[in-house]
Amino acid sequence: MSQEKKESRGRKVYRAKSFALSVMSCPGCHLTLDQPADRCPRCQYTREVSMSKFAFPAPAMSRFIDPQNHLSESDRERISKSLNDLARKFPQPRICFCIIDLPEGVDLREFGFWLMNASPVEGPEEARVRPWTILIVIDDINGNVSVTPGYGIEPFLDDQSWVTQIRKDRQYFFARDYGTAALKTIEGAELILREGAKRAERKMDKSRSSKKRLKRKVRKSE
Amino acid sequence: MKLIIVLLLTFSGFLSAKNTLSLGDLPPAPEDGVHDPDQWLTSDSRIEIIRNIQIAKSKWNTEIYIVVLADHPEADAAILAKETAEAWGKGKLWGVVLHVIGDPEFPRFFAGRKESFGWSDTQEEDFSKSLAKALSDVEGRAMREQDQRMQVETGAREFCEELGYLGLVMTRIEKRYDQARGANLKVIQKQYSDRNFLKKLLMVLIPLLLLLTGIIIYLTRKRRKEAKADFFFPETSPRKRFLAPWSGGADVIVDVGSRLREDGSRKG
């Protein structure tokens with residue numbers, strides 16, 4: 001894609017709805033929403049509810065949120081290298097891995113929602129990248145993996161693709177080989193991002209050509 | 001009287017000069033295969049001989065000539081017979097009964113064949129032996145007759161039978177050779193046409209392969225380029241919900257296997 005195109009695309013703001021594949025759902029009761037809402041129409045869920053559930057300071061968002069050191073140094077090096085390669089292809093999204101031991105019964109989707117919104121945003125750089133963050137939370141004890149995207153990257157991701165990719169590499173998570181599991185997840189992320197980008201390109205091209213047609217029509221009528 | 005003797009000698013000399021064959025001075029081939037200017041053969045014998053000659057010619061492509069001379073030929077009889085048969089006929093197998101009137105050493109019998117191509121040495125040898133035997137048989141049977149005319153007549157008939165059979169054998173050998181050559185020719189033709197076909201195929205295949213290679217290279221480069229190229233997602237108006245500033249959450253969760261045992265203790 002040319003620099004010019006990138007810039008012009010950067011200026012224009014599209015409706016997320018025109019790209020979004022995945023549905024919106026309540027982190028509390030998992031009700032599907034047709035429209036964005038401040039509160040869940042069923043359980044009245046808001047961010048505040050999650051804050052009261054997880055009443056402890058959220059760690060700062062970083063590439064590795066791993067208080068129990070499930071990842072070794074070499075794992076982190078390998079993962080970082082892979083993430084850097086991915087960043088060259090997709091400069092906007094940021095992937096963060098959080099490996100944590102949660103008590104039984106904690107919904108990892110809700111935890112991810114809480115962490116994305118509660119983690120401190122210190123400085124403009126974090127404010128810029130937070131909406132483009134893809135948070136992958138791994139619950140070591142309960143054996144669950146969740147994916148929580150920020151608002152910026154969310155319209156271009158397909159939830160079902162994530163589920164498929166993680167299931168495909170389930171064996172690494174199950175074996176607690178989180179280094180390999182993370183690398184595999186990054187590979188899957190690249191595919192999902194690529195697919196999302198192509199879809200976005202197609203939609204934008206379609207939108208541009210229909211606008212051109214409309215302009216021509218208007219000029220003719222004039 | 002002296003004049004009459006001189007005239008007679010001259011006349012007989014003229015006759016003998018006429019009724020002999022010399023190399024390089026052969027008369028034209030007789031139509032019925034019998035050269036008997038002095039009409040030494042009886043008409044019945046002649047008829048019988050001609051019938052046998054015609055059978056041999058028509059059925060087995062074997063040419064038989066009866067040559068009756070008043071005088072000895074100048075050339076060797078065998079050479080003369082061969083030259084005569086080859087000059088008069090086109091057939092591959094021939095037989096000549098040569099008779100000199102009044103000479104008890106005659107009639108003599110000669111047979112031969114024109115050179116054929118493609119015969120093996122063994123075939124040549126075997127056929128020559130067969131021909132020699134046939135000649136010997138003809139001569140043997142003919143010479144049992146007392147009368148020279150009967151000897152000539154018998155010789156002609158025996159030639160017809162013996163050489164007729166050998167003519168058949170020759171035909172079969174040559175047919176097989178032709179078939180083999182034909183088959184070989186077909187193989188050569190097929191090889192040639194195969195080569196031709198291969199050339200044509202290559203003329204089509206090579207450009208096609210080049211085109212295919214070009215397409216593959218193009219697609220590979222395009223893929224590599226795409227792999228290297230960075231993607232920029234467009235800015236979108238966020239679907240803000242649940243009063244959450246950065247993310248509305250997602251419905252992605254995968255069970256990868258719990259570490260907890262039933263009693264609540266931890267595995268591993």
# chains A, B, ... in the order shown; residues from 1 in each chain; ligands from 1
>>> interface_residues(of="chain A", to="chain B", cutoff="6 Å", atoms="only C-alpha atoms", output="PDB file with N, CA, C and O atoms, in the first residue's frame")
ATOM      1  N   ARG A   9      -5.965   7.249   4.202  1.00  0.00           N
ATOM      2  CA  ARG A   9      -6.796   6.348   4.972  1.00  0.00           C
ATOM      3  C   ARG A   9      -6.751   6.727   6.440  1.00  0.00           C
ATOM      4  O   ARG A   9      -7.699   6.530   7.173  1.00  0.00           O
ATOM      5  N   GLY A  10      -5.602   7.190   6.898  1.00  0.00           N
ATOM      6  CA  GLY A  10      -5.472   7.605   8.288  1.00  0.00           C
ATOM      7  C   GLY A  10      -6.415   8.756   8.600  1.00  0.00           C
ATOM      8  O   GLY A  10      -6.958   8.845   9.695  1.00  0.00           O
ATOM      9  N   VAL A  13     -12.274   8.572   8.717  1.00  0.00           N
ATOM     10  CA  VAL A  13     -12.759   7.687   9.775  1.00  0.00           C
ATOM     11  C   VAL A  13     -13.993   6.954   9.261  1.00  0.00           C
ATOM     12  O   VAL A  13     -14.972   7.576   8.861  1.00  0.00           O
ATOM     13  N   TYR A  14     -13.912   5.662   9.301  1.00  0.00           N
ATOM     14  CA  TYR A  14     -15.027   4.848   8.820  1.00  0.00           C
ATOM     15  C   TYR A  14     -15.887   4.397   9.988  1.00  0.00           C
ATOM     16  O   TYR A  14     -15.468   4.431  11.158  1.00  0.00           O
ATOM     17  N   ARG A  15     -17.054   3.948   9.648  1.00  0.00           N
ATOM     18  CA  ARG A  15     -17.926   3.388  10.675  1.00  0.00           C
ATOM     19  C   ARG A  15     -17.453   1.963  10.973  1.00  0.00           C
ATOM     20  O   ARG A  15     -17.279   1.164  10.052  1.00  0.00           O
ATOM     21  N   ALA A  16     -17.265   1.683  12.246  1.00  0.00           N
ATOM     22  CA  ALA A  16     -16.785   0.356  12.636  1.00  0.00           C
ATOM     23  C   ALA A  16     -17.764  -0.720  12.180  1.00  0.00           C
ATOM     24  O   ALA A  16     -17.369  -1.824  11.783  1.00  0.00           O
ATOM     25  N   PRO A  36     -24.246  -0.668  20.232  1.00  0.00           N
ATOM     26  CA  PRO A  36     -23.475  -0.380  21.459  1.00  0.00           C
ATOM     27  C   PRO A  36     -24.387   0.273  22.514  1.00  0.00           C
ATOM     28  O   PRO A  36     -25.291   1.048  22.164  1.00  0.00           O
ATOM     29  N   ALA A  37     -24.148  -0.100  23.762  1.00  0.00           N
ATOM     30  CA  ALA A  37     -24.977   0.456  24.832  1.00  0.00           C
ATOM     31  C   ALA A  37     -24.109   0.721  26.048  1.00  0.00           C
ATOM     32  O   ALA A  37     -23.131  -0.002  26.267  1.00  0.00           O
ATOM     33  N   ASP A  38     -24.471   1.725  26.829  1.00  0.00           N
ATOM     34  CA  ASP A  38     -23.695   2.018  28.037  1.00  0.00           C
ATOM     35  C   ASP A  38     -23.861   0.920  29.080  1.00  0.00           C
ATOM     36  O   ASP A  38     -22.951   0.659  29.870  1.00  0.00           O
ATOM     37  N   ARG A  39     -25.044   0.323  29.077  1.00  0.00           N
ATOM     38  CA  ARG A  39     -25.305  -0.751  30.042  1.00  0.00           C
ATOM     39  C   ARG A  39     -25.895  -1.930  29.302  1.00  0.00           C
ATOM     40  O   ARG A  39     -26.611  -1.772  28.327  1.00  0.00           O
ATOM     41  N   THR A  46     -21.726  -2.796  33.471  1.00  0.00           N
ATOM     42  CA  THR A  46     -20.842  -1.737  32.995  1.00  0.00           C
ATOM     43  C   THR A  46     -19.424  -2.051  33.455  1.00  0.00           C
ATOM     44  O   THR A  46     -19.188  -3.021  34.189  1.00  0.00           O
ATOM     45  N   ARG A  47     -18.538  -1.205  33.073  1.00  0.00           N
ATOM     46  CA  ARG A  47     -17.134  -1.353  33.480  1.00  0.00           C
ATOM     47  C   ARG A  47     -17.003  -1.303  34.997  1.00  0.00           C
ATOM     48  O   ARG A  47     -16.166  -1.991  35.590  1.00  0.00           O
ATOM     49  N   LYS A  89       4.899  -6.049   9.639  1.00  0.00           N
ATOM     50  CA  LYS A  89       3.833  -6.261   8.659  1.00  0.00           C
ATOM     51  C   LYS A  89       2.564  -5.503   9.056  1.00  0.00           C
ATOM     52  O   LYS A  89       1.835  -5.018   8.213  1.00  0.00           O
ATOM     53  N   PHE A  90       2.297  -5.467  10.357  1.00  0.00           N
ATOM     54  CA  PHE A  90       1.099  -4.789  10.875  1.00  0.00           C
ATOM     55  C   PHE A  90       1.544  -3.800  11.939  1.00  0.00           C
ATOM     56  O   PHE A  90       1.622  -4.143  13.127  1.00  0.00           O
ATOM     57  N   PHE A 113     -11.709  -8.046  29.756  1.00  0.00           N
ATOM     58  CA  PHE A 113     -12.418  -6.758  29.616  1.00  0.00           C
ATOM     59  C   PHE A 113     -11.953  -5.787  30.712  1.00  0.00           C
ATOM     60  O   PHE A 113     -11.638  -4.628  30.447  1.00  0.00           O
ATOM     61  N   ASN A 117      -9.468  -2.237  30.293  1.00  0.00           N
ATOM     62  CA  ASN A 117     -10.017  -0.924  30.646  1.00  0.00           C
ATOM     63  C   ASN A 117      -9.466  -0.359  31.956  1.00  0.00           C
ATOM     64  O   ASN A 117      -9.457   0.863  32.156  1.00  0.00           O
ATOM     65  N   PRO A 131      -6.169   1.265  22.053  1.00  0.00           N
ATOM     66  CA  PRO A 131      -7.304   0.766  21.230  1.00  0.00           C
ATOM     67  C   PRO A 131      -6.888  -0.295  20.204  1.00  0.00           C
ATOM     68  O   PRO A 131      -7.709  -1.055  19.711  1.00  0.00           O
ATOM     69  N   ILE A 141      -4.248 -22.007  35.873  1.00  0.00           N
ATOM     70  CA  ILE A 141      -4.894 -22.990  36.758  1.00  0.00           C
ATOM     71  C   ILE A 141      -6.104 -23.615  36.075  1.00  0.00           C
ATOM     72  O   ILE A 141      -6.204 -24.842  35.983  1.00  0.00           O
ATOM     73  N   ASN A 142      -6.980 -22.764  35.613  1.00  0.00           N
ATOM     74  CA  ASN A 142      -8.261 -23.266  35.099  1.00  0.00           C
ATOM     75  C   ASN A 142      -8.180 -23.721  33.640  1.00  0.00           C
ATOM     76  O   ASN A 142      -9.118 -24.314  33.117  1.00  0.00           O
ATOM     77  N   GLY A 143      -7.034 -23.423  32.992  1.00  0.00           N
ATOM     78  CA  GLY A 143      -6.851 -23.916  31.619  1.00  0.00           C
ATOM     79  C   GLY A 143      -7.770 -23.259  30.610  1.00  0.00           C
ATOM     80  O   GLY A 143      -8.426 -23.947  29.830  1.00  0.00           O
ATOM     81  N   ASN A 144      -7.843 -21.930  30.648  1.00  0.00           N
ATOM     82  CA  ASN A 144      -8.629 -21.202  29.654  1.00  0.00           C
ATOM     83  C   ASN A 144      -7.763 -20.155  28.973  1.00  0.00           C
ATOM     84  O   ASN A 144      -6.799 -19.658  29.549  1.00  0.00           O
ATOM     85  N   VAL A 145      -8.137 -19.831  27.764  1.00  0.00           N
ATOM     86  CA  VAL A 145      -7.460 -18.769  27.001  1.00  0.00           C
ATOM     87  C   VAL A 145      -8.539 -17.842  26.442  1.00  0.00           C
ATOM     88  O   VAL A 145      -9.532 -18.317  25.873  1.00  0.00           O
ATOM     89  N   SER A 146      -8.333 -16.543  26.595  1.00  0.00           N
ATOM     90  CA  SER A 146      -9.294 -15.594  26.032  1.00  0.00           C
ATOM     91  C   SER A 146      -8.564 -14.539  25.223  1.00  0.00           C
ATOM     92  O   SER A 146      -7.357 -14.320  25.416  1.00  0.00           O
ATOM     93  N   VAL A 147      -9.306 -13.887  24.352  1.00  0.00           N
ATOM     94  CA  VAL A 147      -8.757 -12.818  23.503  1.00  0.00           C
ATOM     95  C   VAL A 147      -9.659 -11.607  23.654  1.00  0.00           C
ATOM     96  O   VAL A 147     -10.878 -11.704  23.451  1.00  0.00           O
ATOM     97  N   THR A 148      -9.064 -10.461  23.997  1.00  0.00           N
ATOM     98  CA  THR A 148      -9.829  -9.221  24.156  1.00  0.00           C
ATOM     99  C   THR A 148      -9.172  -8.134  23.310  1.00  0.00           C
ATOM    100  O   THR A 148      -8.053  -7.721  23.591  1.00  0.00           O
ATOM    101  N   GLY A 150      -8.926  -4.242  21.527  1.00  0.00           N
ATOM    102  CA  GLY A 150      -9.332  -2.849  21.764  1.00  0.00           C
ATOM    103  C   GLY A 150     -10.290  -2.402  20.668  1.00  0.00           C
ATOM    104  O   GLY A 150     -10.423  -3.062  19.627  1.00  0.00           O
ATOM    105  N   TYR A 151     -10.929  -1.248  20.885  1.00  0.00           N
ATOM    106  CA  TYR A 151     -11.928  -0.752  19.940  1.00  0.00           C
ATOM    107  C   TYR A 151     -11.359  -0.528  18.539  1.00  0.00           C
ATOM    108  O   TYR A 151     -12.062  -0.681  17.549  1.00  0.00           O
ATOM    109  N   ASP A 159     -13.930 -13.231  15.699  1.00  0.00           N
ATOM    110  CA  ASP A 159     -13.836 -14.009  16.936  1.00  0.00           C
ATOM    111  C   ASP A 159     -13.702 -15.503  16.673  1.00  0.00           C
ATOM    112  O   ASP A 159     -12.905 -16.194  17.306  1.00  0.00           O
ATOM    113  N   ARG A 170      -4.076 -26.131  20.868  1.00  0.00           N
ATOM    114  CA  ARG A 170      -4.474 -26.447  22.239  1.00  0.00           C
ATOM    115  C   ARG A 170      -3.413 -27.276  22.955  1.00  0.00           C
ATOM    116  O   ARG A 170      -3.179 -27.101  24.153  1.00  0.00           O
ATOM    117  N   PHE A 174      -2.150 -26.896  26.737  1.00  0.00           N
ATOM    118  CA  PHE A 174      -2.425 -27.981  27.682  1.00  0.00           C
ATOM    119  C   PHE A 174      -1.130 -28.471  28.324  1.00  0.00           C
ATOM    120  O   PHE A 174      -1.097 -28.765  29.515  1.00  0.00           O
TER     121      PHE A 174
END
>>> residues_around(residues="Lys168 (chain A)", least_positions_apart="4", cutoff="10 Å", atoms="only C-alpha atoms", output="list in words")
Trp162, Val163, Thr164, Tyr172, Lys184, Thr185 and Gly188 of chain A
>>> select_by_dssp(residues="region 28-109 of chain A", states="strand (DSSP E)", output="NGL selection string")
:A and (32-33 or 64-65 or 94-100)
>>> atom_distance(atom1="CA of Cys98 (chain A)", atom2="CA of Thr133 (chain A)")
12.4 Å
>>> closest_residue(among="A:Ile166, A:Ala127, A:Leu135, A:Met24", to="Arg94 (chain A)", atoms="only C-alpha atoms")
A:Leu135
>>> select_by_dssp(residues="region 20-217 of chain B", states="alpha helix (DSSP H)", output="number ranges by chain")
B: 43-60, 77-88, 121-142, 148-217
>>> atom_distance(atom1="CA of Lys81 (chain A)", atom2="CA of Leu157 (chain A)")
22.8 Å
>>> residues_around(residues="Trp60 (chain B)", least_positions_apart="2", cutoff="10 Å", atoms="only C-alpha atoms", output="PyMOL selection string")
chain B and resi 54-58+62-63+91+93+160-161+163-171
>>> atom_distance(atom1="CA of Arg172 (chain B)", atom2="CA of Tyr65 (chain B)")
23.7 Å
>>> residues_around(residues="Asp158 (chain A)", least_positions_apart="3", cutoff="6 Å", atoms="only C-alpha atoms", output="VMD selection string")
chain A and resid 21 to 22 161
>>> residues_around(residues="region 26-29 of chain B", least_positions_apart="6", cutoff="10 Å", atoms="only C-alpha atoms", output="ChimeraX atom specification")
/B:18-20,35,65,80,83-85,87-89
>>> residues_around(residues="Ile79 (chain A)", least_positions_apart="4", cutoff="8 Å", atoms="only C-alpha atoms", output="MDAnalysis selection string")
chainID A and resid 75 83 179 182:183
